[in-house]
Amino acid sequence: MPLPVQLASTGASTCELQEYRMTELVVRFPIPLADTDLVTLLKVLAADPSLDQATSGDVLATRMRDGITVKVGSGTFFIRYPVLLPLIAA
């Protein structure tokens with residue numbers, strides 16, 4: 001069974017967060033950043049407790065009590081901390 005949230009590269013400067021329920025892909029959230037840049041952004045925010053937000057281009061990552069919210073335009077994608085750690089450690 002895959003992790004509930006996965007990161008997939010969709011091009012040289014784009015990626016998407018994918019949410020799975022059991023083995024079914026239920027959400028694809030496109031992000032205008034390379035997957036490595038998104039991981040770096042999430043690592044910076046997760047590693048520095050004094051930061052509430054971090055941005056890269058059109059992507060805003062915000063620290064919440066239970067995880068990090070990634071916002072692009074009018075869309076948001078929430079990643080809980082237990083899911084975030086394996087995502088950025090890989």
# chains A, B, ... in the order shown; residues from 1 in each chain; ligands from 1
>>> residues_around(residues="Asp35 in chain A", least_positions_apart="6", cutoff="12 Å", atoms="only C-alpha atoms", output="PyMOL selection string")
chain A and resi 6-17+41-42+87-88+90
>>> atom_distance(atom1="CA of Val44 in chain A", atom2="CA of Ala61 in chain A")
10.0 Å
>>> residues_around(residues="Thr69 in chain A", least_positions_apart="2", cutoff="9 Å", atoms="only C-alpha atoms", output="PyMOL selection string")
chain A and resi 60-64+67+71+76-80
>>> atom_distance(atom1="CA of Pro86 in chain A", atom2="CA of Asp48 in chain A")
17.5 Å
>>> closest_residue(among="A:Arg65, A:Val72, A:Glu24, A:Ile31", to="Leu3 in chain A", atoms="only C-alpha atoms")
A:Glu24
>>> closest_residue(among="A:Leu33, A:Val26, A:Ile68, A:Leu38", to="Val83 in chain A", atoms="only C-alpha atoms")
A:Ile68
>>> atom_distance(atom1="CA of Val39 in chain A", atom2="CA of Thr23 in chain A")
23.3 Å
>>> select_by_dssp(residues="chain A", states="alpha helix (DSSP H)", output="PDB file with N, CA and C atoms, in the first residue's frame")
ATOM      1  N   ASP A  35       9.985  18.969  -8.130  1.00  0.00           N
ATOM      2  CA  ASP A  35       9.776  18.194  -6.909  1.00  0.00           C
ATOM      3  C   ASP A  35      10.881  18.436  -5.878  1.00  0.00           C
ATOM      4  N   THR A  36      12.126  18.586  -6.340  1.00  0.00           N
ATOM      5  CA  THR A  36      13.224  18.834  -5.400  1.00  0.00           C
ATOM      6  C   THR A  36      13.086  20.201  -4.720  1.00  0.00           C
ATOM      7  N   ASP A  37      12.571  21.188  -5.460  1.00  0.00           N
ATOM      8  CA  ASP A  37      12.356  22.516  -4.874  1.00  0.00           C
ATOM      9  C   ASP A  37      11.239  22.492  -3.836  1.00  0.00           C
ATOM     10  N   LEU A  38      10.188  21.724  -4.093  1.00  0.00           N
ATOM     11  CA  LEU A  38       9.109  21.606  -3.111  1.00  0.00           C
ATOM     12  C   LEU A  38       9.601  20.908  -1.849  1.00  0.00           C
ATOM     13  N   VAL A  39      10.376  19.850  -2.007  1.00  0.00           N
ATOM     14  CA  VAL A  39      10.927  19.153  -0.839  1.00  0.00           C
ATOM     15  C   VAL A  39      11.805  20.101  -0.026  1.00  0.00           C
ATOM     16  N   THR A  40      12.632  20.887  -0.696  1.00  0.00           N
ATOM     17  CA  THR A  40      13.480  21.861   0.000  1.00  0.00           C
ATOM     18  C   THR A  40      12.632  22.868   0.762  1.00  0.00           C
ATOM     19  N   LEU A  41      11.588  23.383   0.148  1.00  0.00           N
ATOM     20  CA  LEU A  41      10.687  24.335   0.794  1.00  0.00           C
ATOM     21  C   LEU A  41      10.047  23.721   2.043  1.00  0.00           C
ATOM     22  N   LEU A  42       9.574  22.498   1.932  1.00  0.00           N
ATOM     23  CA  LEU A  42       8.947  21.825   3.071  1.00  0.00           C
ATOM     24  C   LEU A  42       9.958  21.534   4.178  1.00  0.00           C
ATOM     25  N   LYS A  43      11.176  21.157   3.796  1.00  0.00           N
ATOM     26  CA  LYS A  43      12.226  20.899   4.793  1.00  0.00           C
ATOM     27  C   LYS A  43      12.585  22.161   5.559  1.00  0.00           C
ATOM     28  N   VAL A  44      12.713  23.287   4.852  1.00  0.00           N
ATOM     29  CA  VAL A  44      13.047  24.561   5.501  1.00  0.00           C
ATOM     30  C   VAL A  44      11.988  24.914   6.532  1.00  0.00           C
ATOM     31  N   LEU A  45      10.736  24.784   6.160  1.00  0.00           N
ATOM     32  CA  LEU A  45       9.650  25.128   7.074  1.00  0.00           C
ATOM     33  C   LEU A  45       9.577  24.146   8.243  1.00  0.00           C
ATOM     34  N   ALA A  46       9.744  22.868   7.977  1.00  0.00           N
ATOM     35  CA  ALA A  46       9.663  21.864   9.037  1.00  0.00           C
ATOM     36  C   ALA A  46      10.839  21.960  10.010  1.00  0.00           C
ATOM     37  N   ALA A  47      12.000  22.374   9.518  1.00  0.00           N
ATOM     38  CA  ALA A  47      13.205  22.395  10.350  1.00  0.00           C
ATOM     39  C   ALA A  47      13.341  23.640  11.213  1.00  0.00           C
ATOM     40  N   TYR A  81       1.907  16.000   9.742  1.00  0.00           N
ATOM     41  CA  TYR A  81       3.317  15.767  10.067  1.00  0.00           C
ATOM     42  C   TYR A  81       3.745  14.304   9.961  1.00  0.00           C
ATOM     43  N   PRO A  82       2.952  13.324  10.431  1.00  0.00           N
ATOM     44  CA  PRO A  82       3.412  11.933  10.287  1.00  0.00           C
ATOM     45  C   PRO A  82       3.599  11.504   8.832  1.00  0.00           C
ATOM     46  N   VAL A  83       2.855  12.130   7.911  1.00  0.00           N
ATOM     47  CA  VAL A  83       2.989  11.827   6.486  1.00  0.00           C
ATOM     48  C   VAL A  83       4.095  12.667   5.869  1.00  0.00           C
ATOM     49  N   LEU A  84       4.277  13.876   6.375  1.00  0.00           N
ATOM     50  CA  LEU A  84       5.273  14.797   5.838  1.00  0.00           C
ATOM     51  C   LEU A  84       6.699  14.273   6.005  1.00  0.00           C
ATOM     52  N   LEU A  85       6.997  13.740   7.169  1.00  0.00           N
ATOM     53  CA  LEU A  85       8.377  13.329   7.463  1.00  0.00           C
ATOM     54  C   LEU A  85       8.916  12.299   6.476  1.00  0.00           C
ATOM     55  N   PRO A  86       8.179  11.200   6.172  1.00  0.00           N
ATOM     56  CA  PRO A  86       8.713  10.272   5.165  1.00  0.00           C
ATOM     57  C   PRO A  86       8.769  10.888   3.767  1.00  0.00           C
ATOM     58  N   LEU A  87       7.879  11.844   3.491  1.00  0.00           N
ATOM     59  CA  LEU A  87       7.840  12.491   2.178  1.00  0.00           C
ATOM     60  C   LEU A  87       9.093  13.325   1.937  1.00  0.00           C
ATOM     61  N   ILE A  88       9.560  14.050   2.955  1.00  0.00           N
ATOM     62  CA  ILE A  88      10.730  14.909   2.760  1.00  0.00           C
ATOM     63  C   ILE A  88      12.037  14.212   3.090  1.00  0.00           C
ATOM     64  N   ALA A  89      11.951  13.044   3.708  1.00  0.00           N
ATOM     65  CA  ALA A  89      13.167  12.293   4.036  1.00  0.00           C
ATOM     66  C   ALA A  89      13.644  11.449   2.851  1.00  0.00           C
TER      67      ALA A  89
END
>>> closest_residue(among="A:Pro49, A:Val70, A:Asp58, A:Val5", to="Pro32 in chain A", atoms="only C-alpha atoms")
A:Asp58
>>> select_by_dssp(residues="chain A", states="strand (DSSP E or B)", output="PyMOL selection string")
chain A and resi 5-11+14-21+24-31+53-56+59-63+67-72+75-80
>>> closest_residue(among="A:Gly57, A:Asp66, A:Asp52, A:Pro4", to="Met22 in chain A", atoms="only C-alpha atoms")
A:Pro4
